[in-house]
$ cat entry27.cif   # mmCIF, C-alpha atoms and all ligand atoms
data_input
loop_
_atom_site.label_atom_id
_atom_site.label_comp_id
_atom_site.auth_asym_id
_atom_site.auth_seq_id
_atom_site.Cartn_x
_atom_site.Cartn_y
_atom_site.Cartn_z
CA MET C 1 15.28 -1.63 4.20
CA ARG C 2 14.44 -3.58 7.39
CA ASN C 3 14.70 -1.57 10.62
CA THR C 4 13.35 -3.92 13.30
CA PHE C 5 15.14 -6.06 15.93
CA GLY C 6 13.70 -9.01 17.84
CA ASN C 7 10.89 -11.59 17.83
CA ILE C 8 8.49 -10.75 20.70
CA PHE C 9 10.29 -7.78 22.29
CA THR C 10 10.95 -5.73 19.16
CA LEU C 11 12.50 -2.34 18.44
CA THR C 12 11.90 -0.37 15.26
CA SER C 13 14.17 2.67 15.04
CA PHE C 14 14.02 5.79 12.88
CA GLY C 15 16.09 8.91 12.33
CA GLU C 16 19.38 10.16 10.95
CA SER C 17 22.33 11.72 12.72
CA HIS C 18 21.74 15.17 11.17
CA GLY C 19 17.95 14.95 10.73
CA GLU C 20 15.31 16.29 13.13
CA ALA C 21 15.37 13.47 15.66
CA VAL C 22 16.16 9.84 16.44
CA GLY C 23 13.47 7.63 17.90
CA GLY C 24 11.78 4.28 17.96
CA VAL C 25 8.84 2.10 18.77
CA ILE C 26 9.20 -0.75 21.26
CA ASP C 27 6.65 -3.52 20.90
CA GLY C 28 6.15 -6.54 23.14
CA MET C 29 7.20 -4.83 26.37
CA PRO C 30 5.48 -6.72 29.21
CA ALA C 31 2.74 -4.81 31.05
CA GLY C 32 2.97 -3.69 34.66
CA ILE C 33 6.66 -2.76 34.73
CA GLU C 34 7.31 0.36 36.80
CA ILE C 35 8.97 3.13 34.81
CA ASP C 36 12.13 4.60 36.30
CA MET C 37 12.73 7.73 34.18
CA ASP C 38 15.98 8.57 35.98
CA PHE C 39 17.35 5.14 35.11
CA ILE C 40 16.31 5.41 31.43
CA GLN C 41 17.91 8.86 31.12
CA THR C 42 21.07 7.68 32.92
CA GLU C 43 21.45 4.88 30.38
CA LEU C 44 21.25 7.48 27.59
CA ASN C 45 23.71 9.74 29.38
CA ARG C 46 26.25 6.90 29.46
CA ARG C 47 26.06 6.76 25.63
CA ARG C 48 25.75 10.51 25.01
CA PRO C 49 28.30 12.24 22.74
CA GLY C 50 30.38 15.01 24.31
CA GLN C 51 30.36 13.40 27.76
CA ASN C 52 34.10 13.97 28.29
CA ALA C 53 37.33 15.03 26.57
CA ILE C 54 37.97 11.63 24.93
CA THR C 55 34.65 11.32 23.07
CA THR C 56 33.29 13.11 20.02
CA GLY C 57 32.86 16.81 20.76
CA ARG C 58 29.26 16.86 19.51
CA LYS C 59 27.24 18.30 22.40
CA GLU C 60 23.80 16.73 22.67
CA PRO C 61 21.60 16.60 25.77
CA ASP C 62 19.88 13.44 24.41
CA LYS C 63 16.78 14.03 26.54
CA VAL C 64 14.29 11.28 25.84
CA GLU C 65 10.57 11.96 25.47
CA LEU C 66 8.23 8.98 25.97
CA LEU C 67 5.13 9.25 23.80
CA SER C 68 2.97 6.19 24.53
CA GLY C 69 2.57 2.84 26.23
CA ILE C 70 2.79 4.12 29.83
CA PHE C 71 0.01 4.92 32.30
CA ASP C 72 0.17 5.62 36.02
CA GLY C 73 3.94 5.13 35.95
CA LYS C 74 3.75 1.59 34.55
CA THR C 75 3.96 -0.02 31.12
CA THR C 76 0.58 -0.95 29.66
CA GLY C 77 1.83 -3.61 27.23
CA CYS C 78 1.06 -1.26 24.31
CA PRO C 79 3.74 0.03 21.89
CA ILE C 80 6.13 2.53 23.49
CA GLY C 81 7.00 5.41 21.16
CA PHE C 82 9.94 7.64 22.06
CA LEU C 83 11.89 10.55 20.60
CA VAL C 84 15.27 12.24 21.10
CA LYS C 85 15.75 15.53 19.24
CA ASN C 86 18.98 16.37 17.40
CA THR C 87 20.18 19.83 18.42
CA ASN C 88 23.86 20.16 17.53
CA GLN C 89 24.34 18.81 14.00
CA HIS C 90 27.02 21.13 12.41
CA SER C 91 26.22 19.67 8.96
CA GLU C 92 28.53 22.20 7.25
CA ASP C 93 31.50 20.16 8.55
CA TYR C 94 30.54 17.47 6.01
CA GLU C 95 30.54 19.69 2.90
CA ASN C 96 33.86 18.24 1.63
CA MET C 97 32.39 14.70 1.94
CA ARG C 98 29.30 15.46 -0.15
CA ASN C 99 30.80 13.61 -3.14
CA VAL C 100 33.68 11.75 -1.50
CA PHE C 101 33.62 8.42 0.36
CA ARG C 102 35.34 8.03 3.72
CA PRO C 103 37.49 4.86 3.62
CA SER C 104 36.01 2.11 5.84
CA HIS C 105 32.89 4.05 6.86
CA ALA C 106 29.48 3.06 5.47
CA ASP C 107 29.49 5.83 2.82
CA TYR C 108 30.39 3.74 -0.24
CA THR C 109 28.43 0.52 0.44
CA TYR C 110 25.30 2.50 1.38
CA TYR C 111 25.46 4.66 -1.75
CA ASN C 112 26.30 1.66 -3.94
CA LYS C 113 23.25 -0.21 -2.62
CA TYR C 114 20.61 2.54 -2.43
CA GLY C 115 21.84 5.12 -4.91
CA ALA C 116 20.97 7.71 -2.27
CA ARG C 117 23.10 9.24 0.43
CA ASP C 118 22.62 11.59 3.33
CA TYR C 119 26.23 12.75 3.50
CA ARG C 120 25.56 14.97 6.57
CA GLY C 121 27.34 12.99 9.26
CA GLY C 122 26.94 9.27 9.04
CA GLY C 123 23.21 9.71 8.24
CA ARG C 124 21.42 6.48 9.03
CA SER C 125 24.76 4.67 9.45
CA SER C 126 25.89 6.95 12.27
CA ALA C 127 26.17 5.40 15.71
CA ARG C 128 23.84 8.20 16.79
CA ILE C 129 21.02 5.81 15.87
CA THR C 130 22.11 3.58 18.77
CA ILE C 131 20.16 6.01 20.97
CA ALA C 132 17.11 3.88 20.13
CA ARG C 133 18.89 0.73 21.28
CA CYS C 134 19.82 2.32 24.61
CA VAL C 135 16.24 3.44 25.28
CA ALA C 136 14.83 0.00 24.42
CA GLY C 137 17.65 -1.65 26.36
CA ALA C 138 16.77 0.43 29.43
CA PHE C 139 13.16 -0.81 29.21
CA ALA C 140 14.40 -4.38 28.81
CA LYS C 141 16.67 -3.94 31.85
CA LEU C 142 13.70 -2.71 33.92
CA ALA C 143 11.87 -5.94 33.05
CA LEU C 144 14.95 -8.09 33.72
CA ARG C 145 15.44 -6.33 37.07
CA LYS C 146 12.14 -7.91 38.14
CA LEU C 147 13.56 -11.32 37.24
CA GLY C 148 16.86 -10.65 39.06
CA ILE C 149 18.87 -10.84 35.80
CA THR C 150 21.79 -8.37 35.62
CA ILE C 151 24.02 -7.35 32.73
CA SER C 152 27.42 -5.68 33.18
CA ALA C 153 29.78 -4.65 30.41
CA TYR C 154 33.15 -2.92 30.62
CA THR C 155 36.11 -1.95 28.46
CA SER C 156 38.70 -4.71 28.76
CA GLN C 157 41.11 -3.62 26.02
CA ILE C 158 42.04 -0.49 24.07
CA GLY C 159 44.87 -0.86 21.57
CA ASP C 160 47.53 -2.99 23.23
CA ILE C 161 46.49 -2.09 26.80
CA TYR C 162 44.34 -4.81 28.31
CA VAL C 163 42.90 -6.00 31.60
CA ARG C 164 44.43 -9.28 32.76
CA ASP C 165 41.77 -10.30 35.30
CA ASP C 166 38.32 -11.48 34.28
CA TYR C 167 34.92 -10.37 35.54
CA ARG C 168 35.05 -12.82 38.47
CA THR C 169 37.94 -11.01 40.14
CA LEU C 170 37.34 -7.45 38.94
CA ASP C 171 35.29 -4.96 40.93
CA LEU C 172 32.66 -4.03 38.34
CA SER C 173 31.29 -1.25 40.56
CA LEU C 174 34.33 0.78 39.36
CA VAL C 175 33.27 0.81 35.69
CA GLU C 176 31.53 4.19 35.86
CA THR C 177 34.36 5.85 37.82
CA ASN C 178 36.52 6.64 34.78
CA ALA C 179 36.19 7.98 31.23
CA VAL C 180 37.02 4.69 29.47
CA ARG C 181 34.66 2.54 31.59
CA CYS C 182 37.34 0.08 32.68
CA PRO C 183 37.21 -1.46 36.19
CA ASP C 184 41.00 -1.91 36.36
CA LEU C 185 42.01 1.61 37.35
CA LYS C 186 45.68 1.28 36.38
CA ALA C 187 44.76 0.04 32.89
CA ALA C 188 42.02 2.70 32.71
CA LYS C 189 44.55 5.49 33.22
CA GLU C 190 46.86 4.11 30.51
CA MET C 191 43.92 3.67 28.12
CA GLU C 192 42.76 7.23 28.68
CA GLU C 193 46.26 8.55 28.00
CA LEU C 194 46.50 6.52 24.79
CA VAL C 195 43.12 7.74 23.49
CA SER C 196 43.98 11.38 24.33
CA LYS C 197 47.31 11.08 22.52
CA LEU C 198 45.69 9.59 19.40
CA LYS C 199 42.91 12.17 19.45
CA SER C 200 45.43 15.00 19.33
CA LYS C 201 46.98 13.39 16.23
CA GLY C 202 43.59 12.87 14.49
CA ASP C 203 44.03 9.09 14.67
CA THR C 204 41.75 6.41 16.21
CA VAL C 205 42.05 3.06 18.02
CA GLY C 206 40.00 -0.13 18.53
CA GLY C 207 39.48 -2.44 21.48
CA ILE C 208 37.37 -5.04 23.28
CA ILE C 209 34.31 -4.87 25.53
CA SER C 210 33.64 -7.77 27.90
CA CYS C 211 30.19 -8.49 29.27
CA VAL C 212 28.60 -10.83 31.82
CA ILE C 213 24.92 -11.75 32.20
CA ARG C 214 24.23 -13.05 35.70
CA ASN C 215 21.28 -15.02 37.00
CA CYS C 216 20.04 -15.82 33.50
CA PRO C 217 17.63 -18.78 33.71
CA SER C 218 18.43 -22.04 31.98
CA GLY C 219 16.44 -22.90 28.86
CA LEU C 220 16.82 -19.77 26.72
CA GLY C 221 17.55 -20.59 23.07
CA GLU C 222 16.57 -23.29 20.60
CA PRO C 223 18.65 -26.35 19.69
CA GLU C 224 18.34 -25.47 15.98
CA PHE C 225 18.70 -22.08 14.22
CA ASP C 226 17.69 -19.73 17.06
CA LYS C 227 20.57 -20.73 19.29
CA PHE C 228 20.99 -18.31 22.15
CA HIS C 229 24.64 -17.53 21.42
CA ALA C 230 23.79 -16.96 17.74
CA ALA C 231 21.14 -14.39 18.69
CA LEU C 232 23.54 -12.74 21.12
CA GLY C 233 26.25 -12.71 18.44
CA ALA C 234 23.89 -11.18 15.86
CA ALA C 235 22.87 -8.51 18.37
CA MET C 236 26.51 -7.62 19.05
CA LEU C 237 27.72 -7.84 15.43
CA GLY C 238 24.88 -5.47 14.50
CA ILE C 239 26.45 -2.67 16.56
CA ASN C 240 28.41 -0.10 14.50
CA ALA C 241 32.13 -0.83 14.22
CA VAL C 242 31.90 -4.34 15.74
CA LYS C 243 34.23 -6.82 14.04
CA GLY C 244 34.26 -9.82 16.36
CA PHE C 245 32.22 -11.77 18.92
CA GLU C 246 33.17 -14.69 21.13
CA TYR C 247 31.37 -16.28 24.06
CA GLY C 248 32.77 -18.43 26.81
CA GLU C 249 36.41 -19.12 26.07
CA GLY C 250 35.71 -18.60 22.36
CA PHE C 251 38.72 -18.53 20.06
CA SER C 252 41.11 -19.72 22.77
CA MET C 253 39.21 -23.08 22.74
CA ALA C 254 40.68 -23.77 19.29
CA ASN C 255 44.04 -24.91 20.64
CA ARG C 256 42.85 -26.63 23.84
CA TYR C 257 42.12 -30.31 24.62
CA GLY C 258 38.69 -31.63 25.54
CA SER C 259 40.19 -33.03 28.71
CA GLU C 260 41.11 -29.45 29.69
CA VAL C 261 37.95 -27.55 28.84
CA ASN C 262 34.96 -29.86 29.29
CA ASP C 263 32.65 -28.50 31.98
CA ILE C 264 32.21 -31.48 34.31
CA PHE C 265 28.77 -31.88 35.88
CA MET C 266 28.07 -32.08 39.59
CA SER C 267 25.04 -31.93 41.83
CA LYS C 268 24.54 -28.87 44.07
CA ASN C 269 21.46 -28.45 46.30
CA GLY C 270 19.61 -30.99 44.17
CA LYS C 271 20.45 -29.17 40.92
CA THR C 272 22.75 -30.28 38.11
CA VAL C 273 25.46 -27.65 37.63
CA THR C 274 28.98 -27.61 36.18
CA GLN C 275 32.26 -27.38 38.11
CA THR C 276 33.72 -24.93 35.59
CA ASN C 277 32.22 -22.58 32.98
CA HIS C 278 34.49 -22.71 29.94
CA SER C 279 31.30 -22.80 27.80
CA GLY C 280 30.20 -19.34 28.94
CA GLY C 281 26.77 -20.43 30.18
CA ILE C 282 25.44 -21.73 26.85
CA GLN C 283 25.63 -25.31 25.55
CA GLY C 284 23.90 -26.59 22.43
CA GLY C 285 22.45 -23.13 21.88
CA ILE C 286 20.57 -23.23 25.22
CA SER C 287 21.46 -21.34 28.40
CA ASN C 288 22.41 -23.62 31.31
CA GLY C 289 21.92 -21.22 34.23
CA SER C 290 25.63 -20.34 34.67
CA ASP C 291 26.98 -16.85 34.04
CA ILE C 292 26.91 -15.96 30.35
CA PHE C 293 30.04 -14.09 29.38
CA PHE C 294 31.22 -12.82 26.03
CA ARG C 295 33.59 -10.37 24.35
CA VAL C 296 33.01 -7.94 21.52
CA ALA C 297 35.83 -6.52 19.33
CA PHE C 298 35.53 -3.00 17.89
CA LYS C 299 37.61 -1.58 15.04
CA PRO C 300 39.17 1.90 15.17
CA VAL C 301 36.83 4.69 14.04
CA ALA C 302 37.04 5.14 10.26
CA THR C 303 36.93 8.95 10.13
CA LEU C 304 40.47 10.23 10.59
CA LEU C 305 41.25 13.92 10.94
CA MET C 306 44.24 13.46 8.66
CA GLU C 307 44.69 13.13 4.91
CA GLN C 308 43.72 9.79 3.33
CA HIS C 309 43.52 8.56 -0.24
CA THR C 310 40.02 7.76 -1.49
CA VAL C 311 37.69 8.13 -4.49
CA ASP C 312 34.82 10.45 -5.32
CA ILE C 313 31.30 9.48 -6.38
CA SER C 314 32.46 9.06 -10.02
CA GLY C 315 35.34 6.79 -9.04
CA ASN C 316 38.09 9.42 -9.51
CA PRO C 317 41.01 9.18 -7.10
CA THR C 318 41.19 12.04 -4.61
CA THR C 319 42.22 12.77 -1.05
CA LEU C 320 40.11 13.58 1.97
CA THR C 321 40.92 15.26 5.26
CA ALA C 322 37.74 14.79 7.25
CA LYS C 323 36.37 17.52 9.49
CA GLY C 324 33.67 17.39 12.11
CA ARG C 325 33.48 15.85 15.57
CA HIS C 326 34.42 12.20 15.92
CA ASP C 327 35.19 9.62 18.57
CA PRO C 328 38.89 8.73 18.70
CA CYS C 329 37.77 5.41 20.23
CA VAL C 330 34.20 4.08 20.44
CA LEU C 331 34.71 1.71 23.37
CA PRO C 332 33.72 3.93 26.32
CA ARG C 333 30.43 4.94 24.67
CA ALA C 334 29.76 1.44 23.34
CA VAL C 335 29.65 -0.15 26.83
CA PRO C 336 25.97 0.86 27.40
CA ILE C 337 25.12 -0.19 23.82
CA VAL C 338 26.52 -3.70 24.40
CA GLU C 339 24.51 -3.95 27.62
CA ALA C 340 21.36 -2.69 25.85
CA MET C 341 21.63 -5.25 23.04
CA ALA C 342 22.26 -8.04 25.56
CA ALA C 343 19.24 -6.96 27.65
CA MET C 344 16.97 -6.87 24.59
CA THR C 345 18.17 -10.32 23.48
CA VAL C 346 17.71 -11.90 26.92
CA LEU C 347 14.24 -10.41 27.39
CA ASP C 348 13.18 -11.36 23.85
CA PHE C 349 14.23 -14.98 24.41
CA TYR C 350 12.71 -15.04 27.88
CA LEU C 351 9.36 -13.97 26.45
CA LEU C 352 9.76 -16.41 23.55
CA ASN C 353 10.81 -19.36 25.68
CA LYS C 354 9.50 -18.90 29.20
CA CYS C 355 6.18 -17.03 29.33
CA ALA C 356 4.01 -14.40 27.66
CA LYS C 357 3.93 -11.96 30.57
CA LEU C 358 5.96 -11.36 33.71
C1 LIG R 1 29.55 4.50 20.12
C2 LIG R 1 30.07 4.62 18.73
C3 LIG R 1 30.57 5.83 18.29
C4 LIG R 1 31.07 5.97 17.00
N1 LIG R 1 31.56 7.18 16.61
C5 LIG R 1 32.07 7.31 15.36
C6 LIG R 1 32.58 8.56 14.93
O1 LIG R 1 32.59 9.54 15.67
N2 LIG R 1 33.04 8.63 13.66
C7 LIG R 1 33.05 7.57 12.80
O2 LIG R 1 33.49 7.68 11.69
N3 LIG R 1 32.58 6.38 13.20
C8 LIG R 1 32.08 6.23 14.45
N4 LIG R 1 31.57 5.02 14.84
C9 LIG R 1 31.63 3.89 13.92
C10 LIG R 1 30.68 4.00 12.75
O3 LIG R 1 29.36 4.26 13.16
C11 LIG R 1 30.79 2.72 11.93
O4 LIG R 1 32.11 2.39 11.73
C12 LIG R 1 30.12 2.89 10.61
O5 LIG R 1 28.73 2.84 10.79
C13 LIG R 1 30.55 1.86 9.57
O6 LIG R 1 30.16 0.61 9.94
P1 LIG R 1 31.16 -0.61 10.26
O7 LIG R 1 32.35 -0.03 10.91
O8 LIG R 1 30.36 -1.45 11.19
O9 LIG R 1 31.49 -1.29 8.98
C14 LIG R 1 31.06 4.86 16.12
C15 LIG R 1 30.55 3.63 16.56
C16 LIG R 1 30.07 3.50 17.85
C17 LIG R 1 29.56 2.16 18.31
C1 LIG R 2 26.58 12.02 17.31
C2 LIG R 2 26.95 10.86 17.79
O1 LIG R 2 28.11 10.21 17.47
C3 LIG R 2 28.54 10.30 16.16
C4 LIG R 2 28.83 8.93 15.64
C5 LIG R 2 29.39 9.00 14.28
C6 LIG R 2 29.38 7.79 13.47
O2 LIG R 2 29.83 7.86 12.31
O3 LIG R 2 28.97 6.73 13.95
C7 LIG R 2 29.95 10.19 13.80
C8 LIG R 2 29.89 11.47 14.57
O4 LIG R 2 28.78 12.25 14.28
P1 LIG R 2 28.07 12.54 12.93
O5 LIG R 2 26.92 11.59 12.81
O6 LIG R 2 27.67 13.96 13.07
O7 LIG R 2 29.11 12.33 11.89
C9 LIG R 2 29.75 11.21 16.04
O8 LIG R 2 29.62 12.42 16.73
C10 LIG R 2 26.14 10.10 18.72
O9 LIG R 2 26.47 8.93 18.88
O10 LIG R 2 25.17 10.63 19.27
#
$ encode --input "entry27.cif" --output "structure tokens" --more "lines below"
Ligand SMILES: Cc1cc2nc3c(=O)[nH]c(=O)nc-3n(C[C@H](O)[C@H](O)[C@H](O)COP(=O)(O)O)c2cc1C
Ligand SMILES: C=C(O[C@@H]1CC(C(=O)O)=C[C@@H](OP(=O)(O)O)[C@H]1O)C(=O)O
Amino acid sequence: MRNTFGNIFTLTSFGESHGEAVGGVIDGMPAGIEIDMDFIQTELNRRRPGQNAITTGRKEPDKVELLSGIFDGKTTGCPIGFLVKNTNQHSEDYENMRNVFRPSHADYTYYNKYGARDYRGGGRSSARITIARCVAGAFAKLALRKLGITISAYTSQIGDIYVRDDYRTLDLSLVETNAVRCPDLKAAKEMEELVSKLKSKGDTVGGIISCVIRNCPSGLGEPEFDKFHAALGAAMLGINAVKGFEYGEGFSMANRYGSEVNDIFMSKNGKTVTQTNHSGGIQGGISNGSDIFFRVAFKPVATLLMEQHTVDISGNPTTLTAKGRHDPCVLPRAVPIVEAMAAMTVLDFYLLNKCAKL
């Protein structure tokens, strides 16, 4: 089982949702970056379960403990070990799933592959493991802050409620003002109502997160294999419950004409730039210095608090009414995870393509 992300800036994670703790080791973090503990904890708080009425009810403080790689308030360039303890597991809620697979969760494929299964919660497949990504992402953001690179994600769709404007006209400072993390406050209210309604029925709903990376330098990515958008796509598709990724104008390019969507070059202050940015800041696998924007589609949460047909471990048909605490919609808590994965990808490619230290 491989548990490591990245080339130069790497994250190895460990832990299970109902085990002792979740943690990780970050390697390749540049030296000399000032540690802002409040910022790191705030990033974790944005992901934390139980943060409001429309998330899973599991109550975890998710306090992070840094174990190594920091001296005098700055990174030393050595591996950074960190730990977040699990405190509120309620494993007894999973007793009726001990020998039964939840449809569309990871239960069956994991058991089929490894012949072993930690049925308490999602085990290693639980999104609780994304704690490690958010800690590493916070470190990556601290390094990117020094380079002036910013990453902002937000919920742009839940079910059939979506935001019509794009990031250029939205006020992204409003993202943290509401429970669904949507900068369009009218849409946010409708989304929140929809998620609350579904939660009370035991049902779940999917949606889309949009993200923009600003001030990313040109030259990140390789023309062959390690294309920047491919790395970004792999980072996003590796998040639990993600089913789709598009960058720039993505799938809508399929029915457009070249004469409509080519980004025409022009010269601005002695630099070659493009008049438009249909490409989403990446051409030929290499960043061009424009904003990089992309969208990530999430499916509805698999665990429904209502009866479903399924099979047991011996293949016998049965039914399951899941118990436990679950997100009716992952989008609000996935916003910081999308940002974290984007930050890790940008920093990894920066270190790979631009320099060995900041
Ligand atoms: C932030 C977040 C929270 C999630 N919460 C739940 C949850 O409470 N219950 C659940 O069944 N799945 C939840 N999921 C989704 C599962 O972790 C995911 O569906 C599962 O690992 C199976 O993988 P797949 O959907 O990618 O195929 C969550 C995902 C994310 C990103
Ligand atoms: C606990 C968290 O979210 C969990 C994500 C999750 C899943 O299947 O992904 C299932 C639920 O918990 P458990 O692992 O106990 O089944 C959620 O509460 C967390 O993210 O910290």
$ residues_around --input "entry27.cif" --residues "C:Lys189" --least-positions-apart "2" --cutoff "12 Å" --atoms "all atoms listed in the file" --output "list of chain:residue names"
C:Ile158, C:Ile161, C:Tyr162, C:Val163, C:Thr177, C:Asn178, C:Ala179, C:Val180, C:Arg181, C:Cys182, C:Pro183, C:Asp184, C:Leu185, C:Lys186, C:Ala187, C:Met191, C:Glu192, C:Glu193, C:Leu194, C:Val195, C:Ser196
$ residues_near_point --input "entry27.cif" --point "(36.7, 6.9, 22.2)" --cutoff "10 Å" --atoms "only C-alpha atoms" --output "CSV table (one decimal) with C-alpha atoms, keeping the file's coordinate frame"
chain,number,residue,atom,x,y,z
C,49,PRO,CA,28.3,12.2,22.7
C,52,ASN,CA,34.1,14.0,28.3
C,53,ALA,CA,37.3,15.0,26.6
C,54,ILE,CA,38.0,11.6,24.9
C,55,THR,CA,34.6,11.3,23.1
C,56,THR,CA,33.3,13.1,20.0
C,158,ILE,CA,42.0,-0.5,24.1
C,179,ALA,CA,36.2,8.0,31.2
C,180,VAL,CA,37.0,4.7,29.5
C,191,MET,CA,43.9,3.7,28.1
C,192,GLU,CA,42.8,7.2,28.7
C,195,VAL,CA,43.1,7.7,23.5
C,196,SER,CA,44.0,11.4,24.3
C,198,LEU,CA,45.7,9.6,19.4
C,199,LYS,CA,42.9,12.2,19.4
C,204,THR,CA,41.8,6.4,16.2
C,205,VAL,CA,42.0,3.1,18.0
C,206,GLY,CA,40.0,-0.1,18.5
C,207,GLY,CA,39.5,-2.4,21.5
C,300,PRO,CA,39.2,1.9,15.2
C,301,VAL,CA,36.8,4.7,14.0
C,326,HIS,CA,34.4,12.2,15.9
C,327,ASP,CA,35.2,9.6,18.6
C,328,PRO,CA,38.9,8.7,18.7
C,329,CYS,CA,37.8,5.4,20.2
C,330,VAL,CA,34.2,4.1,20.4
C,331,LEU,CA,34.7,1.7,23.4
C,332,PRO,CA,33.7,3.9,26.3
C,333,ARG,CA,30.4,4.9,24.7
C,334,ALA,CA,29.8,1.4,23.3
$ residues_near_ligand --input "entry27.cif" --ligand "ligand LIG 2 (chain R)" --cutoff "9 Å" --atoms "only C-alpha atoms and all ligand atoms" --output "PyMOL selection string"
chain C and resi 16-18+47-50+55-60+62+86+88-91+93-94+105-106+119-131+240-241+301-303+324-327+330+333
$ closest_residue --input "entry27.cif" --among "C:Ile40, C:Met344, C:Ile208, C:Ile213" --to "ligand LIG 1 (chain R)" --atoms "all atoms listed in the file"
C:Ile208
$ axis_aligned_box --input "entry27.cif" --around "stretch 241-258 of chain C" --padding-each-side "5 Å" --output "lines of an AutoDock Vina configuration file"
center_x = 37.7
center_y = -16.2
center_z = 20.4
size_x = 22.7
size_y = 40.8
size_z = 22.8
$ residues_around --input "entry27.cif" --residues "C:Glu222" --least-positions-apart "6" --cutoff "9 Å" --atoms "all atoms listed in the file" --output "ChimeraX atom specification"
/C:228,284-286,353
$ residues_around --input "entry27.cif" --residues "C:Leu232" --least-positions-apart "3" --cutoff "8 Å" --atoms "only C-alpha atoms" --output "list of chain:residue names"
C:Phe228, C:His229, C:Ala235, C:Met236, C:Met341, C:Ala342, C:Thr345
$ residues_around --input "entry27.cif" --residues "stretch 8-15 of chain C" --least-positions-apart "6" --cutoff "9 Å" --atoms "all atoms listed in the file" --output "PyMOL selection string"
chain C and resi 2+21-30+123-124+128-130+132-133+136+140+344-345+347-349+351-352
$ closest_residue --input "entry27.cif" --among "C:Thr75, C:Leu66, C:Ile151, C:Val100" --to "C:Gly315" --atoms "only C-alpha atoms"
C:Val100
$ closest_residue --input "entry27.cif" --among "C:Leu44, C:Val273, C:Ala297, C:Ala143" --to "C:Ser156" --atoms "all atoms listed in the file"
C:Ala297
$ atom_distance --input "entry27.cif" --atom1 "atom CA of C:Lys268" --atom2 "atom CA of C:Leu147"
21.8 Å
$ closest_residue --input "entry27.cif" --among "C:Asp107, C:Asp291, C:Asp166, C:Glu224" --to "ligand LIG 1 (chain R)" --atoms "only C-alpha atoms and all ligand atoms"
C:Asp107
$ closest_residue --input "entry27.cif" --among "C:Ala188, C:Ala322, C:Cys216, C:Leu170" --to "ligand LIG 1 (chain R)" --atoms "all atoms listed in the file"
C:Ala322
$ atom_distance --input "entry27.cif" --atom1 "atom CA of C:Tyr110" --atom2 "atom CA of C:Arg295"
27.6 Å
$ closest_residue --input "entry27.cif" --among "C:Thr87, C:Cys134, C:Glu43, C:Gly115" --to "C:Ile239" --atoms "only C-alpha atoms"
C:Cys134
$ residues_around --input "entry27.cif" --residues "C:Ser68" --least-positions-apart "2" --cutoff "6 Å" --atoms "all atoms listed in the file" --output "PyMOL selection string"
chain C and resi 70+80-81
$ atom_distance --input "entry27.cif" --atom1 "atom O1 of ligand LIG 1 (chain R)" --atom2 "atom CA of C:Gly250"
29.1 Å
$ residues_near_point --input "entry27.cif" --point "(24.0, -25.2, 37.5)" --cutoff "7 Å" --atoms "only C-alpha atoms" --output "list in words"
Lys271, Thr272, Val273, Thr274, Asn288, Gly289 and Ser290 of chain C
$ write_last_selection --input "entry27.cif" --atoms "C-alpha atoms" --output "mmCIF file, in the frame of the given file"
data_model
loop_
_atom_site.group_PDB
_atom_site.id
_atom_site.type_symbol
_atom_site.label_atom_id
_atom_site.label_comp_id
_atom_site.auth_asym_id
_atom_site.auth_seq_id
_atom_site.Cartn_x
_atom_site.Cartn_y
_atom_site.Cartn_z
ATOM 1 C CA LYS C 271 20.450 -29.170 40.920
ATOM 2 C CA THR C 272 22.750 -30.280 38.110
ATOM 3 C CA VAL C 273 25.460 -27.650 37.630
ATOM 4 C CA THR C 274 28.980 -27.610 36.180
ATOM 5 C CA ASN C 288 22.410 -23.620 31.310
ATOM 6 C CA GLY C 289 21.920 -21.220 34.230
ATOM 7 C CA SER C 290 25.630 -20.340 34.670
#
$ decode --input "entry27.cif" --residues "stretch 325-336 of chain C" --atoms "C-alpha atoms" --output "tab-separated table (two decimals), in the first residue's frame"
chain	number	residue	atom	x	y	z
C	325	ARG	CA	-22.53	10.38	12.28
C	326	HIS	CA	-22.19	11.33	8.63
C	327	ASP	CA	-21.94	14.38	6.41
C	328	PRO	CA	-25.14	14.97	4.41
C	329	CYS	CA	-22.91	16.85	1.92
C	330	VAL	CA	-19.09	16.91	1.88
C	331	LEU	CA	-18.67	20.19	-0.02
C	332	PRO	CA	-18.36	22.69	2.85
C	333	ARG	CA	-15.66	20.62	4.59
C	334	ALA	CA	-13.92	19.75	1.33
C	335	VAL	CA	-13.15	23.40	0.45
C	336	PRO	CA	-10.00	23.48	2.67
